[in-house]
>>> print(open('run_0.cif').read())   # mmCIF, C-alpha atoms and all ligand atoms
data_entry
#
loop_
_atom_site.label_atom_id
_atom_site.label_comp_id
_atom_site.auth_asym_id
_atom_site.auth_seq_id
_atom_site.Cartn_x
_atom_site.Cartn_y
_atom_site.Cartn_z
CA MET A 1 0.00 0.00 0.00
CA GLN A 2 1.46 3.32 -1.09
CA LEU A 3 0.82 6.26 1.26
CA ASN A 4 0.71 9.83 0.01
CA THR A 5 3.04 10.79 2.85
CA LYS A 6 6.71 10.01 3.35
CA HIS A 7 6.46 10.32 7.14
CA LEU A 8 3.89 9.46 9.79
CA LEU A 9 4.00 12.42 12.16
CA THR A 10 0.26 12.74 12.77
CA ILE A 11 -2.90 10.97 11.53
CA ARG A 12 -3.57 14.22 9.65
CA ASP A 13 -0.94 12.93 7.18
CA LEU A 14 -3.40 10.18 6.12
CA ASN A 15 -6.70 10.12 4.24
CA ALA A 16 -9.62 7.80 5.00
CA GLU A 17 -8.59 5.20 2.45
CA GLU A 18 -5.07 5.09 3.88
CA VAL A 19 -6.30 4.72 7.47
CA ARG A 20 -8.61 1.88 6.45
CA GLY A 21 -5.82 0.33 4.36
CA LEU A 22 -3.44 0.32 7.33
CA VAL A 23 -6.09 -1.26 9.55
CA GLN A 24 -6.72 -3.96 6.94
CA ARG A 25 -3.02 -4.61 6.38
CA ALA A 26 -2.42 -4.87 10.14
CA ALA A 27 -5.28 -7.39 10.38
CA ASP A 28 -3.78 -9.38 7.48
CA LEU A 29 -0.31 -9.36 9.06
CA LYS A 30 -1.81 -10.48 12.36
CA ALA A 31 -3.61 -13.38 10.68
CA ALA A 32 -0.47 -14.33 8.76
CA LEU A 33 1.69 -14.27 11.89
CA LYS A 34 -0.72 -16.66 13.58
CA GLY A 35 -0.92 -18.86 10.48
CA GLN A 36 1.54 -19.45 7.67
CA GLY A 37 3.78 -16.45 8.45
CA HIS A 38 4.51 -13.49 6.18
CA GLN A 39 7.28 -12.21 3.95
CA PRO A 40 10.29 -10.47 5.55
CA SER A 41 9.41 -7.43 3.47
CA LEU A 42 12.06 -5.17 5.05
CA ALA A 43 14.96 -7.65 4.70
CA GLY A 44 18.32 -5.91 4.79
CA LYS A 45 16.97 -2.64 6.17
CA SER A 46 17.73 -0.91 9.48
CA VAL A 47 15.35 1.16 11.61
CA ALA A 48 16.52 3.48 14.40
CA LEU A 49 14.28 3.87 17.45
CA ILE A 50 15.14 7.14 19.20
CA PHE A 51 13.29 7.36 22.52
CA ASP A 52 13.48 10.26 24.97
CA LYS A 53 10.64 9.00 27.17
CA PRO A 54 10.04 5.60 28.77
CA SER A 55 8.15 2.94 26.84
CA THR A 56 7.18 -0.70 27.12
CA ARG A 57 4.61 -1.34 24.38
CA THR A 58 5.80 1.04 21.69
CA ARG A 59 9.47 0.19 22.01
CA VAL A 60 9.00 -3.58 22.18
CA SER A 61 6.34 -3.75 19.47
CA PHE A 62 8.52 -1.71 17.11
CA GLU A 63 11.67 -3.70 17.93
CA VAL A 64 9.91 -7.04 17.50
CA GLY A 65 7.94 -5.81 14.49
CA VAL A 66 11.07 -4.59 12.71
CA SER A 67 12.74 -7.96 13.37
CA GLN A 68 9.72 -9.94 12.18
CA LEU A 69 9.85 -7.98 8.91
CA GLY A 70 13.49 -9.02 8.49
CA ALA A 71 15.07 -5.66 9.35
CA LYS A 72 17.37 -4.62 12.17
CA PRO A 73 16.16 -2.32 14.96
CA LEU A 74 18.63 0.02 16.67
CA PHE A 75 17.41 1.47 19.97
CA MET A 76 18.98 4.68 21.26
CA THR A 77 18.16 7.63 23.48
CA SER A 78 19.31 11.24 23.38
CA ARG A 79 21.11 10.66 26.66
CA ASP A 80 23.45 8.08 25.23
CA SER A 81 23.95 9.77 21.87
CA GLN A 82 25.40 13.15 20.89
CA LEU A 83 21.85 14.57 20.90
CA GLY A 84 22.25 14.66 24.69
CA ARG A 85 25.34 16.83 24.21
CA ASP A 86 23.40 19.27 22.04
CA GLU A 87 24.31 18.02 18.58
CA PRO A 88 21.66 19.81 16.48
CA LEU A 89 18.68 17.80 15.32
CA LYS A 90 19.29 18.80 11.72
CA ASP A 91 22.82 17.34 11.87
CA THR A 92 21.63 14.17 13.59
CA ALA A 93 18.88 13.75 11.01
CA ARG A 94 21.28 13.97 8.09
CA VAL A 95 23.83 11.60 9.65
CA MET A 96 21.28 9.01 10.75
CA SER A 97 19.75 9.03 7.27
CA ARG A 98 23.07 7.85 5.85
CA TYR A 99 22.87 4.72 8.02
CA VAL A 100 19.25 3.74 8.56
CA ASP A 101 16.12 3.40 6.44
CA ALA A 102 13.71 4.99 8.94
CA MET A 103 13.62 6.72 12.32
CA VAL A 104 10.94 5.94 14.91
CA VAL A 105 10.97 8.77 17.44
CA ARG A 106 9.38 9.24 20.90
CA THR A 107 10.00 12.67 22.33
CA PHE A 108 8.43 15.76 23.89
CA GLY A 109 7.86 18.42 21.23
CA GLN A 110 6.11 17.69 17.95
CA GLU A 111 8.61 20.11 16.39
CA VAL A 112 11.39 17.57 17.07
CA VAL A 113 9.85 14.91 14.82
CA GLU A 114 9.04 17.61 12.27
CA GLU A 115 12.64 18.83 12.21
CA LEU A 116 14.04 15.31 11.89
CA ALA A 117 11.62 14.72 9.00
CA GLN A 118 12.57 18.01 7.36
CA TRP A 119 16.32 17.42 7.47
CA GLY A 120 16.66 13.65 7.22
CA GLY A 121 16.24 11.72 4.00
CA VAL A 122 14.33 8.79 5.46
CA PRO A 123 10.79 8.31 6.82
CA VAL A 124 10.18 9.49 10.39
CA ILE A 125 7.45 7.81 12.46
CA ASN A 126 6.03 9.57 15.52
CA ALA A 127 6.11 7.08 18.41
CA LEU A 128 4.46 9.66 20.75
CA THR A 129 5.00 13.33 21.35
CA ASP A 130 3.27 15.64 23.82
CA ARG A 131 0.88 16.51 20.99
CA TYR A 132 0.08 13.22 19.21
CA HIS A 133 0.24 9.42 19.50
CA PRO A 134 -0.74 8.35 15.97
CA CYS A 135 0.53 4.75 15.99
CA GLN A 136 -1.49 4.03 19.13
CA VAL A 137 -4.76 5.32 17.75
CA LEU A 138 -4.27 3.58 14.39
CA SER A 139 -3.87 0.27 16.21
CA ASP A 140 -6.82 1.12 18.46
CA LEU A 141 -8.93 1.34 15.30
CA LEU A 142 -7.89 -2.22 14.51
CA THR A 143 -9.00 -3.27 18.02
CA VAL A 144 -12.38 -1.56 17.57
CA ARG A 145 -12.90 -3.22 14.19
CA GLU A 146 -11.97 -6.63 15.58
CA HIS A 147 -14.36 -6.39 18.51
CA LEU A 148 -17.26 -4.43 17.03
CA GLY A 149 -16.94 -5.40 13.38
CA ARG A 150 -16.85 -1.84 12.03
CA LEU A 151 -15.48 1.67 12.58
CA GLN A 152 -18.31 3.79 11.21
CA GLY A 153 -21.67 4.28 12.85
CA LEU A 154 -20.31 4.02 16.39
CA THR A 155 -20.17 6.55 19.21
CA TYR A 156 -16.67 6.96 20.63
CA ALA A 157 -16.19 8.45 24.12
CA TRP A 158 -12.94 9.89 25.41
CA LEU A 159 -12.50 10.68 29.13
CA GLY A 160 -9.56 12.58 30.52
CA ASP A 161 -6.78 14.84 29.38
CA GLY A 162 -7.25 16.57 26.03
CA ASN A 163 -3.62 15.96 25.08
CA ASN A 164 -1.76 13.58 22.79
CA MET A 165 -4.18 10.63 22.75
CA ALA A 166 -7.25 12.85 22.51
CA HIS A 167 -5.64 14.80 19.67
CA SER A 168 -4.90 11.65 17.69
CA TRP A 169 -8.47 10.42 18.26
CA LEU A 170 -9.70 13.78 16.95
CA GLU A 171 -7.57 13.32 13.86
CA ALA A 172 -8.81 9.75 13.37
CA ALA A 173 -12.36 11.09 13.71
CA ALA A 174 -11.51 13.73 11.12
CA ALA A 175 -10.09 11.20 8.67
CA LEU A 176 -13.00 8.76 8.99
CA GLY A 177 -15.89 11.06 9.88
CA LEU A 178 -16.43 9.49 13.30
CA ASN A 179 -18.77 10.55 16.11
CA LEU A 180 -16.44 11.38 19.03
CA ARG A 181 -17.42 12.78 22.41
CA LEU A 182 -14.69 14.10 24.67
CA ALA A 183 -15.10 14.79 28.38
CA CYS A 184 -12.19 16.86 29.66
CA PRO A 185 -11.84 19.15 32.72
CA PRO A 186 -11.87 22.87 31.84
CA ASP A 187 -8.09 23.29 32.15
CA PHE A 188 -7.34 20.16 30.11
CA MET A 189 -9.26 20.76 26.90
CA PRO A 190 -7.94 19.62 23.53
CA ASP A 191 -6.33 22.12 21.19
CA LYS A 192 -9.02 24.23 19.56
CA GLY A 193 -7.35 24.15 16.16
CA ILE A 194 -7.38 20.35 16.14
CA VAL A 195 -11.05 20.28 17.21
CA ASP A 196 -12.02 22.84 14.54
CA HIS A 197 -10.13 20.89 11.89
CA ALA A 198 -11.93 17.65 12.82
CA ARG A 199 -15.30 19.38 12.61
CA GLU A 200 -14.41 20.99 9.28
CA ARG A 201 -13.56 17.56 7.88
CA GLY A 202 -16.98 16.25 8.88
CA ALA A 203 -16.38 14.53 12.20
CA GLU A 204 -19.17 14.85 14.75
CA ILE A 205 -17.35 16.20 17.81
CA THR A 206 -18.98 16.86 21.19
CA ILE A 207 -16.97 18.37 24.03
CA THR A 208 -18.21 18.39 27.60
CA HIS A 209 -16.95 18.61 31.17
CA ASP A 210 -19.39 15.87 32.21
CA PRO A 211 -18.03 12.32 31.73
CA ARG A 212 -21.57 10.91 31.92
CA GLU A 213 -22.64 12.97 28.91
CA ALA A 214 -19.73 11.55 26.90
CA VAL A 215 -20.28 7.93 27.91
CA VAL A 216 -24.06 7.58 27.68
CA GLY A 217 -24.91 5.11 24.90
CA ALA A 218 -21.31 4.98 23.61
CA GLN A 219 -19.93 1.80 22.05
CA VAL A 220 -16.25 2.63 22.59
CA VAL A 221 -15.14 4.10 25.92
CA ASN A 222 -11.57 5.23 26.10
CA THR A 223 -9.39 6.77 28.80
CA ASP A 224 -5.74 7.48 29.58
CA VAL A 225 -3.54 8.53 32.50
CA TRP A 226 -4.19 11.88 34.15
CA ALA A 227 -0.50 12.79 34.33
CA SER A 228 1.35 12.01 31.12
CA MET A 229 5.06 11.36 30.83
CA GLY A 230 6.92 14.51 31.79
CA GLN A 231 4.04 15.70 34.02
CA GLU A 232 4.78 13.49 37.02
CA ASP A 233 5.30 16.52 39.30
CA GLN A 234 1.70 17.61 38.58
CA ALA A 235 0.17 14.27 39.54
CA GLY A 236 -1.32 15.51 42.84
CA ALA A 237 -2.94 18.61 41.34
CA ARG A 238 -4.22 16.57 38.43
CA ARG A 239 -5.86 14.01 40.72
CA GLN A 240 -7.98 16.89 42.05
CA ALA A 241 -8.70 18.37 38.64
CA PHE A 242 -9.84 14.99 37.25
CA ASP A 243 -11.99 14.11 40.26
CA GLY A 244 -15.17 12.46 38.90
CA TYR A 245 -13.48 11.26 35.71
CA THR A 246 -12.66 7.73 36.94
CA LEU A 247 -14.02 5.15 34.52
CA ASP A 248 -15.69 2.86 37.04
CA ALA A 249 -18.58 0.39 36.85
CA GLY A 250 -21.15 3.10 37.57
CA LEU A 251 -19.98 5.28 34.69
CA LEU A 252 -19.57 2.34 32.31
CA ALA A 253 -23.14 1.23 33.08
CA LEU A 254 -24.31 4.32 31.14
CA ALA A 255 -22.61 3.12 27.95
CA ASP A 256 -24.08 0.71 25.42
CA PRO A 257 -24.20 -2.71 27.13
CA ALA A 258 -21.98 -4.06 24.34
CA ALA A 259 -19.44 -1.23 24.72
CA ILE A 260 -15.74 -2.00 24.78
CA VAL A 261 -13.24 -0.26 27.04
CA LEU A 262 -9.91 0.93 25.66
CA HIS A 263 -6.88 2.16 27.58
CA CYS A 264 -3.55 2.61 25.83
CA LEU A 265 -1.72 1.64 29.06
CA PRO A 266 0.09 2.00 31.38
CA ALA A 267 -2.99 2.28 33.64
CA HIS A 268 -3.28 3.76 37.10
CA ARG A 269 -5.95 1.67 38.79
CA GLY A 270 -8.16 3.75 41.05
CA GLU A 271 -7.33 6.96 39.17
CA GLU A 272 -8.52 7.16 35.55
CA ILE A 273 -9.93 3.60 35.62
CA SER A 274 -11.10 1.22 38.32
CA GLU A 275 -9.58 -2.21 38.78
CA GLU A 276 -13.03 -3.71 38.18
CA VAL A 277 -13.43 -2.08 34.76
CA LEU A 278 -9.84 -2.62 33.62
CA GLU A 279 -10.05 -6.32 34.48
CA GLY A 280 -13.72 -6.65 33.57
CA PRO A 281 -15.41 -8.36 30.60
CA GLN A 282 -15.76 -5.17 28.55
CA SER A 283 -12.06 -4.33 28.72
CA VAL A 284 -10.11 -5.23 25.57
CA VAL A 285 -6.84 -3.66 26.69
CA TRP A 286 -4.68 -6.77 26.21
CA ASP A 287 -5.82 -7.22 22.61
CA GLN A 288 -5.32 -3.48 22.26
CA ALA A 289 -1.72 -3.78 23.46
CA GLU A 290 -1.05 -6.76 21.17
CA ASN A 291 -2.37 -4.90 18.16
CA ARG A 292 0.38 -2.34 18.51
CA LEU A 293 2.74 -4.97 17.06
CA HIS A 294 0.61 -5.64 14.00
CA MET A 295 -0.04 -1.96 13.29
CA GLN A 296 3.64 -0.99 13.67
CA LYS A 297 4.43 -3.57 10.98
CA ALA A 298 1.69 -2.25 8.68
CA ILE A 299 3.02 1.30 9.09
CA LEU A 300 6.65 0.29 8.52
CA GLU A 301 5.74 -1.68 5.40
CA ALA A 302 3.59 1.11 3.98
CA LEU A 303 6.45 3.60 4.35
CA LEU A 304 9.43 1.36 3.53
CA ALA A 305 8.13 -1.45 1.30
CA PRO A 306 4.81 -0.30 -0.19
CA GLN A 307 4.93 -2.99 -2.86
CA ALA A 308 4.74 -5.68 -0.16
CA SER A 309 1.28 -4.84 1.10
N1 LIG B 1 0.64 2.85 25.05
C1 LIG B 1 1.96 3.09 24.97
O1 LIG B 1 2.43 3.86 24.13
O2 LIG B 1 2.70 2.43 25.89
P1 LIG B 1 4.24 2.60 26.17
O3 LIG B 1 4.45 3.96 26.81
O4 LIG B 1 4.61 1.47 27.09
O5 LIG B 1 4.99 2.53 24.87
N1 LIG B 2 -0.84 10.37 27.48
C1 LIG B 2 0.13 9.36 27.86
C2 LIG B 2 0.11 8.24 26.88
C3 LIG B 2 1.02 7.09 27.27
C4 LIG B 2 1.08 6.02 26.23
C5 LIG B 2 1.49 10.00 27.95
O1 LIG B 2 1.83 10.82 27.10
O2 LIG B 2 2.24 9.66 28.87
#
>>> encode(input="run_0.cif", output="structure tokens")
Amino acid sequence: MQLNTKHLLTIRDLNAEEVRGLVQRAADLKAALKGQGHQPSLAGKSVALIFDKPSTRTRVSFEVGVSQLGAKPLFMTSRDSQLGRDEPLKDTARVMSRYVDAMVVRTFGQEVVEELAQWGGVPVINALTDRYHPCQVLSDLLTVREHLGRLQGLTYAWLGDGNNMAHSWLEAAAALGLNLRLACPPDFMPDKGIVDHARERGAEITITHDPREAVVGAQVVNTDVWASMGQEDQAGARRQAFDGYTLDAGLLALADPAAIVLHCLPAHRGEEISEEVLEGPQSVVWDQAENRLHMQKAILEALLAPQAS
């Protein structure tokens, strides 16, 4: 599958057909992995993973995914490279591009992945910034399709911080024309420009400060930590600000009885989600975590070996 973009920095880089194509390809790769296996479509290639924040799922799913496609993953951080000694991003981008075939980057500012993409010669994949988490939401779409059989015609609820995950859900809603309701405390609203853009592209976006209003009748109920990576010192204040936003059995009872619960993980039980809901029958978080692997491979193939998919 050929994408119209060289990089994946945000879901805004993709159109509806491309989003659906990635979901289908990830499903096909998943089925192949569990059956006859698939081609090592990236044989001989190398992919750098540059991570400036902690990670379990994203790092391991990319490392394993790159290996399963026959390529070599190279994990590094700024701290143990010259980036940590202030080598400019534009120099790093040009040097890395002489060695590797792609860079997968987890960092703070969205401008970092943009600058690496601007100066390097190889595809850059956003593995989470403060602003977006596109790979996560693309694989979450696969999880929704697996469990509910479709993406369209559903009501999606988002509870919590209007930051990176919410922004990528807004962009997925924009690409696919989804009905997305976000409940965020007043000081933690999503970026207005991203909301406006989603509405302009035809998504049905509702924003409220009342979690019940977002959840009622929804088929997909989604939450995330209250203090994201880099915000650990605000955890106490955020616990107060997000009081009432815990996805517990009482709140989930307002959703469609067949609703699924998504959480990108790591989860803080008793804060954004109760133990009962996270471990309950409507939670699909382990499938959701697994699907990261299959979607990373679909993304890598689409950018590095489009003829394979
Ligand atoms: N969901 C997610 O991105 O998890 P990690 O921080 O463990 O990569
Ligand atoms: N919003 C969270 C997502 C973690 C996968 C964070 O940025 O830490």
>>> residues_near_ligand(input="run_0.cif", ligand="ligand LIG 2 (chain B)", cutoff="7 Å", atoms="all atoms listed in the file", output="VMD selection string")
chain A and resid 128 130 163 to 165 224 to 225 227 to 229 264 to 266
>>> residues_around(input="run_0.cif", residues="stretch 177-183 of chain A", least_positions_apart="4", cutoff="10 Å", atoms="all atoms listed in the file", output="MDAnalysis selection string")
chainID A and resid 16 151:162 166 169:173 188:190 198:199 201:216 218 220:223 245
>>> closest_residue(input="run_0.cif", among="A:Gly21, A:Lys53, A:Ala302, A:Pro281", to="ligand LIG 1 (chain B)", atoms="only C-alpha atoms and all ligand atoms")
A:Lys53
>>> closest_residue(input="run_0.cif", among="A:Leu116, A:Ala258, A:Leu247, A:Val122", to="A:Lys90", atoms="all atoms listed in the file")
A:Leu116
>>> residues_near_ligand(input="run_0.cif", ligand="ligand LIG 1 (chain B)", cutoff="9 Å", atoms="all atoms listed in the file", output="PDB file with C-alpha atoms, keeping the file's coordinate frame")
ATOM      1  CA  LYS A  53      10.640   9.000  27.170  1.00  0.00           C
ATOM      2  CA  PRO A  54      10.040   5.600  28.770  1.00  0.00           C
ATOM      3  CA  SER A  55       8.150   2.940  26.840  1.00  0.00           C
ATOM      4  CA  THR A  56       7.180  -0.700  27.120  1.00  0.00           C
ATOM      5  CA  ARG A  57       4.610  -1.340  24.380  1.00  0.00           C
ATOM      6  CA  THR A  58       5.800   1.040  21.690  1.00  0.00           C
ATOM      7  CA  ARG A  59       9.470   0.190  22.010  1.00  0.00           C
ATOM      8  CA  VAL A  60       9.000  -3.580  22.180  1.00  0.00           C
ATOM      9  CA  SER A  61       6.340  -3.750  19.470  1.00  0.00           C
ATOM     10  CA  ARG A 106       9.380   9.240  20.900  1.00  0.00           C
ATOM     11  CA  ALA A 127       6.110   7.080  18.410  1.00  0.00           C
ATOM     12  CA  LEU A 128       4.460   9.660  20.750  1.00  0.00           C
ATOM     13  CA  HIS A 133       0.240   9.420  19.500  1.00  0.00           C
ATOM     14  CA  CYS A 135       0.530   4.750  15.990  1.00  0.00           C
ATOM     15  CA  GLN A 136      -1.490   4.030  19.130  1.00  0.00           C
ATOM     16  CA  MET A 229       5.060  11.360  30.830  1.00  0.00           C
ATOM     17  CA  HIS A 263      -6.880   2.160  27.580  1.00  0.00           C
ATOM     18  CA  CYS A 264      -3.550   2.610  25.830  1.00  0.00           C
ATOM     19  CA  LEU A 265      -1.720   1.640  29.060  1.00  0.00           C
ATOM     20  CA  PRO A 266       0.090   2.000  31.380  1.00  0.00           C
ATOM     21  CA  ALA A 289      -1.720  -3.780  23.460  1.00  0.00           C
ATOM     22  CA  ARG A 292       0.380  -2.340  18.510  1.00  0.00           C
TER      23      ARG A 292
END
>>> residues_around(input="run_0.cif", residues="A:Ala27", least_positions_apart="2", cutoff="10 Å", atoms="only C-alpha atoms", output="ChimeraX atom specification")
/A:21-25,29-33,139,142-143,145-146,291,294-295,298
>>> atom_distance(input="run_0.cif", atom1="atom CA of A:Asp91", atom2="atom CA of A:Leu42")
25.9 Å
